[in-house]
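entry_7.cif follows (mmCIF, C-alpha atoms (C1' of nucleotides)):
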data_input
#
loop_
_atom_site.label_atom_id
_atom_site.label_comp_id
_atom_site.auth_asym_id
_atom_site.auth_seq_id
_atom_site.Cartn_x
_atom_site.Cartn_y
_atom_site.Cartn_z
CA MET A 129 -18.36 5.66 -16.81
CA ARG A 130 -20.37 7.25 -14.05
CA LEU A 131 -19.02 6.74 -10.57
CA GLU A 132 -22.41 5.50 -9.38
CA GLU A 133 -22.17 2.51 -11.70
CA GLU A 134 -18.48 1.86 -11.07
CA ILE A 135 -18.97 1.33 -7.37
CA LYS A 136 -22.70 0.55 -7.46
CA GLN A 137 -23.66 3.32 -5.12
CA LYS A 138 -26.91 5.14 -5.81
CA SER A 139 -26.27 8.46 -4.14
CA PHE A 140 -23.83 10.52 -2.10
CA SER A 141 -24.45 12.80 0.85
CA SER A 142 -23.14 15.86 -1.06
CA VAL A 143 -21.41 16.90 -4.27
CA TYR A 144 -18.31 17.38 -2.17
CA HIS A 145 -18.43 13.87 -0.83
CA ARG A 146 -19.07 12.51 -4.31
CA LEU A 147 -16.00 14.40 -5.50
CA THR A 148 -13.79 12.95 -2.75
CA VAL A 149 -14.84 9.44 -3.69
CA ASN A 150 -14.47 10.21 -7.37
CA ILE A 151 -10.90 11.45 -7.01
CA LEU A 152 -9.90 8.42 -4.92
CA PHE A 153 -11.56 6.04 -7.35
CA THR A 154 -10.01 7.68 -10.43
CA ALA A 155 -6.55 7.63 -8.85
CA SER A 156 -6.87 3.94 -8.05
CA TRP A 157 -7.99 3.34 -11.62
CA LEU A 158 -4.97 5.23 -12.98
CA ASN A 159 -2.61 3.31 -10.71
CA THR A 160 -4.01 0.03 -11.95
CA GLN A 161 -3.45 1.11 -15.57
CA SER A 162 0.14 2.13 -15.02
CA SER A 163 0.94 -0.92 -12.85
CA ARG A 164 -0.06 -3.13 -15.75
CA ILE A 165 2.02 -1.22 -18.25
CA LEU A 166 5.07 -1.30 -15.97
CA LYS A 167 4.77 -4.90 -14.83
CA PRO A 168 6.54 -6.46 -17.87
CA PHE A 169 9.49 -4.16 -17.15
CA GLY A 170 9.74 -5.42 -13.56
CA ILE A 171 9.19 -2.01 -12.06
CA THR A 172 6.42 -0.41 -9.98
CA PRO A 173 4.76 2.99 -10.54
CA GLN A 174 6.56 4.42 -7.52
CA GLN A 175 9.96 3.17 -8.70
CA PHE A 176 9.22 4.59 -12.16
CA ASN A 177 8.36 7.94 -10.60
CA VAL A 178 11.68 8.00 -8.69
CA LEU A 179 13.63 7.23 -11.87
CA ARG A 180 11.92 10.15 -13.63
CA ILE A 181 12.72 12.47 -10.75
CA LEU A 182 16.38 11.42 -10.98
CA ARG A 183 16.48 11.95 -14.75
CA GLY A 184 15.00 15.42 -14.23
CA GLN A 185 18.12 16.37 -12.29
CA ASN A 186 20.33 15.99 -15.36
CA GLN A 187 23.06 13.87 -13.78
CA LYS A 188 23.31 16.14 -10.76
CA PRO A 189 23.62 13.90 -7.66
CA VAL A 190 20.63 14.30 -5.36
CA SER A 191 19.79 13.33 -1.78
CA VAL A 192 17.10 10.98 -0.53
CA SER A 193 15.20 13.90 1.00
CA LEU A 194 15.14 15.83 -2.29
CA ILE A 195 13.57 12.80 -3.94
CA GLN A 196 11.09 12.44 -1.12
CA GLU A 197 9.86 16.01 -1.42
CA ARG A 198 9.27 15.58 -5.14
CA MET A 199 7.39 12.35 -4.80
CA LEU A 200 3.66 12.16 -5.33
CA ASP A 201 3.22 10.31 -2.12
CA LYS A 202 4.96 12.24 0.63
CA ASN A 203 4.54 9.38 3.11
CA SER A 204 6.22 6.75 1.05
CA ASN A 205 9.66 5.60 1.95
CA ALA A 206 12.15 6.92 -0.56
CA SER A 207 15.01 5.16 1.18
CA ARG A 208 13.57 1.71 0.48
CA LEU A 209 12.47 2.56 -3.06
CA ILE A 210 16.03 3.61 -3.76
CA ASP A 211 17.25 0.31 -2.32
CA LYS A 212 15.15 -1.56 -4.87
CA LEU A 213 16.37 0.57 -7.78
CA PHE A 214 19.95 0.09 -6.63
CA GLU A 215 19.51 -3.70 -6.45
CA LYS A 216 18.19 -3.62 -10.01
CA LYS A 217 21.24 -1.51 -11.01
CA TYR A 218 19.31 1.45 -12.43
CA ILE A 219 21.01 4.00 -10.15
CA GLU A 220 24.32 4.76 -8.48
CA ARG A 221 24.47 5.60 -4.78
CA LYS A 222 27.33 6.79 -2.62
CA THR A 223 27.78 8.76 0.56
CA CYS A 224 28.07 12.49 -0.06
CA PRO A 225 31.63 13.56 0.83
CA GLU A 226 30.58 17.06 1.97
CA ASP A 227 27.91 15.75 4.34
CA ARG A 228 28.24 12.13 5.25
CA ARG A 229 24.65 11.93 6.49
CA GLN A 230 23.47 12.38 2.91
CA MET A 231 23.50 10.00 -0.02
CA ASP A 232 24.46 11.14 -3.52
CA ILE A 233 22.08 9.42 -5.90
CA ILE A 234 22.21 9.46 -9.66
CA ILE A 235 20.49 7.57 -12.47
CA ASN A 236 22.81 5.51 -14.71
CA GLN A 237 22.67 4.60 -18.41
CA LYS A 238 20.73 1.40 -17.73
CA GLY A 239 18.11 3.47 -15.89
CA LEU A 240 17.90 6.03 -18.69
CA ASP A 241 17.53 3.25 -21.25
CA LEU A 242 14.70 1.72 -19.25
CA LEU A 243 12.85 5.04 -19.10
CA ALA A 244 13.26 5.52 -22.85
CA GLU A 245 11.84 2.07 -23.46
CA ILE A 246 8.85 2.51 -21.16
CA GLU A 247 7.88 6.08 -21.94
CA PRO A 248 6.05 5.58 -25.26
CA GLN A 249 3.67 3.15 -23.55
CA ILE A 250 3.03 5.48 -20.66
CA GLN A 251 2.30 8.28 -23.11
CA GLN A 252 -0.29 6.04 -24.66
CA MET A 253 -1.89 5.83 -21.25
CA ASP A 254 -2.06 9.60 -20.98
CA ASN A 255 -3.88 9.42 -24.29
CA ILE A 256 -6.77 7.59 -22.65
CA PHE A 257 -7.49 11.06 -21.39
CA LYS A 258 -8.19 12.37 -24.84
CA SER A 259 -11.87 11.82 -24.08
CA LEU A 260 -11.33 15.23 -22.49
CA SER A 261 -10.42 18.24 -24.63
CA VAL A 262 -7.27 20.18 -23.77
CA ASP A 263 -9.45 22.91 -22.27
CA GLU A 264 -11.38 20.44 -20.13
CA ALA A 265 -8.20 18.75 -18.93
CA LYS A 266 -6.76 22.13 -18.03
CA LEU A 267 -9.96 23.10 -16.21
CA VAL A 268 -10.03 19.93 -14.08
CA GLY A 269 -6.38 20.44 -13.22
CA ASP A 270 -6.92 24.04 -12.16
CA LEU A 271 -9.90 23.10 -10.01
CA LEU A 272 -7.91 20.33 -8.29
CA ASP A 273 -5.24 22.91 -7.48
CA LYS A 274 -7.93 25.20 -6.10
CA LEU A 275 -9.49 22.40 -4.07
CA ARG A 276 -6.27 21.74 -2.17
CA GLY A 277 -6.26 25.37 -1.05
CA MET B 243 -1.65 25.12 -3.95
CA ARG B 244 -0.39 24.65 -7.48
CA LEU B 245 0.87 21.20 -8.29
CA GLU B 246 4.13 22.65 -9.60
CA GLU B 247 4.98 23.94 -6.13
CA GLU B 248 3.72 20.89 -4.27
CA ILE B 249 6.07 18.52 -6.03
CA LYS B 250 8.62 21.11 -7.15
CA GLN B 251 8.33 20.31 -10.80
CA LYS B 252 8.53 23.18 -13.25
CA SER B 253 6.64 21.76 -16.21
CA PHE B 254 4.83 18.75 -17.62
CA SER B 255 4.95 17.22 -21.10
CA SER B 256 1.24 17.89 -21.68
CA VAL B 257 -1.95 19.06 -19.96
CA TYR B 258 -3.00 15.41 -19.95
CA HIS B 259 0.13 14.30 -18.17
CA ARG B 260 -0.19 17.14 -15.69
CA LEU B 261 -3.74 15.99 -15.00
CA THR B 262 -2.66 12.38 -14.35
CA VAL B 263 -0.09 13.55 -11.86
CA ASN B 264 -2.55 16.00 -10.31
CA ILE B 265 -5.20 13.33 -9.72
CA LEU B 266 -2.66 10.94 -8.17
CA PHE B 267 -1.24 13.69 -5.99
CA THR B 268 -4.66 14.92 -4.85
CA ALA B 269 -5.79 11.38 -4.01
CA SER B 270 -2.66 10.79 -1.95
CA TRP B 271 -3.30 14.10 -0.18
CA LEU B 272 -6.90 13.09 0.59
CA ASN B 273 -5.78 9.69 1.89
CA THR B 274 -3.32 11.35 4.22
CA GLN B 275 -6.05 13.62 5.59
CA SER B 276 -8.46 10.79 6.27
CA SER B 277 -5.77 8.47 7.67
CA ARG B 278 -5.02 11.11 10.29
CA ILE B 279 -8.67 11.58 11.21
CA LEU B 280 -9.21 7.82 11.51
CA LYS B 281 -6.01 6.99 13.35
CA PRO B 282 -7.30 7.83 16.87
CA PHE B 283 -10.17 5.40 16.22
CA GLY B 284 -7.77 2.58 15.37
CA ILE B 285 -9.15 2.11 11.90
CA THR B 286 -7.78 2.65 8.38
CA PRO B 287 -9.51 4.44 5.47
CA GLN B 288 -10.10 1.11 3.73
CA GLN B 289 -11.64 -0.48 6.81
CA PHE B 290 -13.82 2.61 7.26
CA ASN B 291 -14.96 2.32 3.65
CA VAL B 292 -15.95 -1.33 4.16
CA LEU B 293 -17.95 -0.44 7.29
CA ARG B 294 -19.85 2.20 5.34
CA ILE B 295 -20.60 -0.27 2.55
CA LEU B 296 -21.98 -2.70 5.13
CA ARG B 297 -24.13 -0.03 6.75
CA GLY B 298 -25.49 0.88 3.32
CA GLN B 299 -26.99 -2.61 3.11
CA ASN B 300 -29.35 -1.96 6.05
CA GLN B 301 -28.65 -5.11 8.02
CA LYS B 302 -29.00 -7.32 4.94
CA PRO B 303 -26.16 -9.90 5.05
CA VAL B 304 -23.73 -9.44 2.17
CA SER B 305 -20.96 -11.50 0.60
CA VAL B 306 -17.25 -10.69 0.34
CA SER B 307 -17.56 -10.29 -3.41
CA LEU B 308 -20.37 -7.74 -3.12
CA ILE B 309 -18.15 -5.70 -0.83
CA GLN B 310 -15.24 -6.06 -3.22
CA GLU B 311 -17.22 -4.72 -6.18
CA ARG B 312 -18.27 -1.67 -4.19
CA MET B 313 -14.81 -0.87 -2.97
CA LEU B 314 -12.89 2.07 -4.31
CA ASP B 315 -9.86 -0.04 -4.87
CA LYS B 316 -10.87 -3.08 -6.86
CA ASN B 317 -7.50 -4.76 -6.32
CA SER B 318 -7.56 -4.63 -2.58
CA ASN B 319 -8.25 -7.74 -0.63
CA ALA B 320 -11.71 -7.57 0.93
CA SER B 321 -11.22 -10.94 2.59
CA ARG B 322 -8.37 -9.69 4.73
CA LEU B 323 -9.97 -6.32 5.47
CA ILE B 324 -12.99 -8.21 6.78
CA ASP B 325 -10.69 -10.31 8.94
CA LYS B 326 -9.41 -7.16 10.61
CA LEU B 327 -12.91 -5.76 11.20
CA PHE B 328 -14.01 -9.10 12.62
CA GLU B 329 -11.04 -9.20 15.01
CA LYS B 330 -12.01 -5.72 16.19
CA LYS B 331 -15.61 -6.95 16.64
CA TYR B 332 -17.27 -4.39 14.37
CA ILE B 333 -18.93 -7.01 12.16
CA GLU B 334 -20.51 -10.48 12.30
CA ARG B 335 -19.49 -13.16 9.85
CA LYS B 336 -20.88 -16.62 9.21
CA THR B 337 -21.09 -19.09 6.35
CA CYS B 338 -24.14 -18.54 4.17
CA PRO B 339 -26.46 -21.55 4.58
CA GLU B 340 -27.80 -21.36 1.00
CA ASP B 341 -24.33 -21.32 -0.53
CA ARG B 342 -21.60 -22.50 1.76
CA ARG B 343 -18.90 -20.95 -0.42
CA GLN B 344 -20.18 -17.52 0.55
CA MET B 345 -19.86 -15.60 3.77
CA ASP B 346 -22.78 -13.67 5.25
CA ILE B 347 -21.35 -10.43 6.59
CA ILE B 348 -23.19 -7.82 8.59
CA ILE B 349 -22.22 -4.74 10.59
CA ASN B 350 -23.09 -4.91 14.32
CA GLN B 351 -24.07 -2.21 16.80
CA LYS B 352 -20.47 -1.58 17.83
CA GLY B 353 -19.64 -0.94 14.16
CA LEU B 354 -22.59 1.40 13.71
CA ASP B 355 -21.63 3.31 16.85
CA LEU B 356 -18.10 3.70 15.57
CA LEU B 357 -19.33 5.13 12.26
CA ALA B 358 -21.63 7.55 14.06
CA GLU B 359 -18.72 8.74 16.17
CA ILE B 360 -16.34 9.19 13.26
CA GLU B 361 -18.66 10.67 10.67
CA PRO B 362 -18.83 14.29 11.88
CA GLN B 363 -15.06 14.54 11.62
CA ILE B 364 -15.01 13.06 8.14
CA GLN B 365 -17.69 15.51 7.06
CA GLN B 366 -15.44 18.28 8.24
CA MET B 367 -12.84 16.93 5.87
CA ASP B 368 -15.25 17.09 2.94
CA ASN B 369 -15.68 20.71 3.94
CA ILE B 370 -12.07 21.40 3.03
CA PHE B 371 -13.51 21.23 -0.42
CA LYS B 372 -15.63 24.28 0.11
CA SER B 373 -12.90 26.26 -1.61
CA LEU B 374 -14.80 24.98 -4.64
CA SER B 375 -18.38 26.08 -5.26
CA VAL B 376 -21.06 23.42 -5.61
CA ASP B 377 -21.05 24.02 -9.37
CA GLU B 378 -17.29 23.67 -9.60
CA ALA B 379 -17.32 20.47 -7.53
CA LYS B 380 -20.01 19.07 -9.77
CA LEU B 381 -18.09 20.04 -12.88
CA VAL B 382 -14.87 18.37 -11.75
CA GLY B 383 -16.81 15.23 -10.86
CA ASP B 384 -18.52 15.09 -14.26
CA LEU B 385 -15.22 15.57 -16.06
CA LEU B 386 -13.60 12.77 -14.04
CA ASP B 387 -16.48 10.48 -15.06
CA LYS B 388 -15.96 11.52 -18.69
CA LEU B 389 -12.21 10.97 -18.46
CA ARG B 390 -12.62 7.32 -17.48
CA GLY B 391 -14.61 6.77 -20.65
"C1'" DT C 217 35.88 21.87 23.62
"C1'" DT C 218 31.80 19.58 25.25
"C1'" DA C 219 26.70 19.31 25.35
"C1'" DC C 220 22.77 19.29 23.07
"C1'" DA C 221 19.52 20.22 19.39
"C1'" DT C 222 18.75 19.30 14.67
"C1'" DA C 223 19.24 16.97 10.17
"C1'" DT C 224 19.53 12.83 7.20
"C1'" DA C 225 18.84 8.12 6.41
"C1'" DA C 226 17.87 3.59 7.70
"C1'" DT C 227 15.11 0.31 10.11
"C1'" DG C 228 10.97 -1.86 12.42
"C1'" DT C 229 6.06 -2.99 12.45
"C1'" DA C 230 1.32 -3.08 10.98
"C1'" DT C 231 -1.58 -2.68 7.22
"C1'" DA C 232 -2.76 -2.43 2.26
"C1'" DT C 233 -2.04 -3.27 -2.77
"C1'" DA C 234 -1.18 -6.39 -6.67
"C1'" DC C 235 -1.45 -10.53 -8.31
"C1'" DA C 236 -0.88 -15.64 -8.37
"C1'" DT C 237 -2.39 -19.83 -6.54
"C1'" DA C 238 -5.06 -23.02 -3.57
"C1'" DT C 239 -9.33 -24.94 -1.63
"C1'" DA C 240 -14.07 -25.73 -1.14
"C1'" DT C 241 -18.50 -25.66 -3.08
"C1'" DT C 242 -21.85 -25.34 -6.59
"C1'" DT C 243 -23.47 -25.67 -11.28
"C1'" DG C 244 -23.77 -27.30 -15.99
"C1'" DT C 245 -23.69 -31.05 -18.92
"C1'" DA C 246 -22.39 -35.50 -21.10
"C1'" DT D 134 -24.56 -39.82 -11.73
"C1'" DA D 135 -19.88 -38.29 -12.83
"C1'" DC D 136 -17.00 -34.88 -13.83
"C1'" DA D 137 -15.44 -30.50 -15.83
"C1'" DA D 138 -16.04 -25.73 -15.27
"C1'" DA D 139 -17.28 -21.87 -12.72
"C1'" DT D 140 -17.72 -19.41 -8.39
"C1'" DA D 141 -16.45 -17.70 -3.69
"C1'" DT D 142 -13.15 -17.10 -0.62
"C1'" DA D 143 -8.66 -17.73 1.51
"C1'" DT D 144 -3.74 -17.76 1.40
"C1'" DG D 145 1.10 -16.70 -0.16
"C1'" DT D 146 4.60 -13.36 -1.60
"C1'" DA D 147 6.58 -9.02 -3.01
"C1'" DT D 148 6.11 -4.27 -2.67
"C1'" DA D 149 4.30 0.11 -0.82
"C1'" DT D 150 2.15 3.16 2.77
"C1'" DA D 151 2.04 5.16 7.41
"C1'" DC D 152 4.34 6.24 11.09
"C1'" DA D 153 7.54 5.49 15.07
"C1'" DT D 154 12.19 4.72 16.39
"C1'" DT D 155 17.13 4.46 15.89
"C1'" DA D 156 21.83 5.61 14.27
"C1'" DT D 157 24.94 8.76 12.74
"C1'" DA D 158 26.55 13.29 11.41
"C1'" DT D 159 26.45 18.18 11.75
"C1'" DG D 160 25.67 22.80 13.71
"C1'" DT D 161 25.66 25.77 17.56
"C1'" DA D 162 25.71 27.60 22.22
"C1'" DA D 163 27.82 27.48 26.68
#
Spit out the file's structure as structure tokens when you get a sec.
Amino acid sequence: MRLEEEIKQKSFSSVYHRLTVNILFTASWLNTQSSRILKPFGITPQQFNVLRILRGQNQKPVSVSLIQERMLDKNSNASRLIDKLFEKKYIERKTCPEDRRQMDIIINQKGLDLLAEIEPQIQQMDNIFKSLSVDEAKLVGDLLDKLRG
Amino acid sequence: MRLEEEIKQKSFSSVYHRLTVNILFTASWLNTQSSRILKPFGITPQQFNVLRILRGQNQKPVSVSLIQERMLDKNSNASRLIDKLFEKKYIERKTCPEDRRQMDIIINQKGLDLLAEIEPQIQQMDNIFKSLSVDEAKLVGDLLDKLRG
DNA sequence: TTACATATAATGTATATACATATATTTGTA
DNA sequence: TACAAATATATGTATATACATTATATGTAA
């Protein structure tokens, strides 16, 4: 649906401004979708993202700062997200023996099982996007890369 | 910069998934930019957005729900954002005499002055986007509209 | 070796998001 | 008129964002 209808705004001061608003609005819309999918599993989009980052490391223990730099939101607080995942027993966490400032973090079987259970539903969400062709999706992605300089 | 470098991820399961991540990442990046611009003014991006919505009504008193439906983030809590703006004395708020469930909300001169002061800096931010041509910006915007169905 | 800068996490505080629930008021209808 | 339903807003609670500060460990230069 056109942005103008979604937020009931007739016009924008420039195409650039309209694009800013459009990106923010679309992101919020995507977050709402994924929040709803994840809610029954008792997990938030940010926690889900951290679990996927951990799985991507193939059982190699990683530090909090490595997770942080791979997160979508660089300002979020990886330390507290990891706390939550630890409380829910989806990860293991221990002090790194080589450098006791660091934590060694690793996803466990329960965490992997959760991801496997959730993933088909999240893929369905990505399918919402099929209103765009592969070429269009690729084009938007490339232009977003370009936009960020 | 390419998304792959920004979040140090080598590949994505599909162009569609890459696009989801790219939109979320770009929105977070934009939020960070505008947060930093607004910080010296003691205001958040969401509060700034509400002030602009109010100005758009040209001194016509509006309800909390009208503001909510124009907000970028439909799940945010307009009632509490308005509280903050009222505390900072940028808006007036009184019960609507025709319907005492509603609030009549209006931006005051202090609020308008604040917007006027901030706006040039925010426009500069939109200019970051000038790495895209007008046609490219328009194209991305149209495709985002299409994507949301 | 100490002294000090830097690195890594954790913690504190204010605000926002997400969603459920409560309260007041108005409207529709039996 | 009486009362159920709908509407408008406020409030409560858990989590996340944004950013400053603190605590501890490590590296390095004098």
| request: Do me a favour and pick out the residues of chain B within 9 Å of chain C, using only C-alpha atoms (C1' of nucleotides), as a VMD selection string. | output: chain B and resid 286 288 315 317 to 319 323 341 to 343
| message | To test your reading of the syntax: which residues would the PyMOL selection byres ((chain B) within 7 of (chain A)) return for the file shown? Reply as number ranges by chain. | response | B: 243-245, 249-250, 257-259, 261, 264-267, 269-270, 311-315, 368, 371, 373-374, 376, 379-380, 382-383, 387-391
List every residue of chain D that has an atom at most 12 Å from any atom of chain B, giving for each one its closest atom pair and the distance in Å to one decimal, counting all atoms listed in the file, sorted by chain and then by ascending residue number, as CSV.
residue,atom,partner,partner_atom,distance
D:DT140,C1',B:Arg343,CA,8.2
D:DA141,C1',B:Arg343,CA,5.2
D:DT142,C1',B:Arg343,CA,6.9
D:DA143,C1',B:Ser321,CA,7.3
D:DT144,C1',B:Arg322,CA,9.9
D:DT150,C1',B:Thr274,CA,10.0
D:DA151,C1',B:Ser277,CA,8.5
D:DC152,C1',B:Arg278,CA,10.6
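If you apply the PyMOL selection byres ((chain A and resi 238) around 12) to this structure, you end up with Leu179, Arg183, Leu213, Phe214, Lys216, Lys217, Tyr218, Ile219, Glu220, Ile234, Ile235, Asn236, Gln237, Gly239, Leu240, Asp241, Leu242, Leu243, Ala244 and Glu245 of chain A.
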| One-decimal distance in Å that lies between atom CA of Asn291 of chain B and atom CA of Val304 of chain B | 14.7 Å
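If you look at atom CA of Ile279 of chain B and atom CA of Ile360 of chain B, they are 8.3 Å away from each other.
Between atom CA of Asp325 of chain B and atom CA of Pro173 of chain A the separation is 28.2 Å.
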Adding 8 Å on each side of the box along x, y and z that holds all listed atoms of segment 222-234 of chain C, could you give its centre and edge lengths in Å to one decimal, as JSON?
{"center_x": 8.4, "center_y": 6.5, "center_z": 4.0, "size_x": 38.3, "size_y": 41.7, "size_z": 37.3}
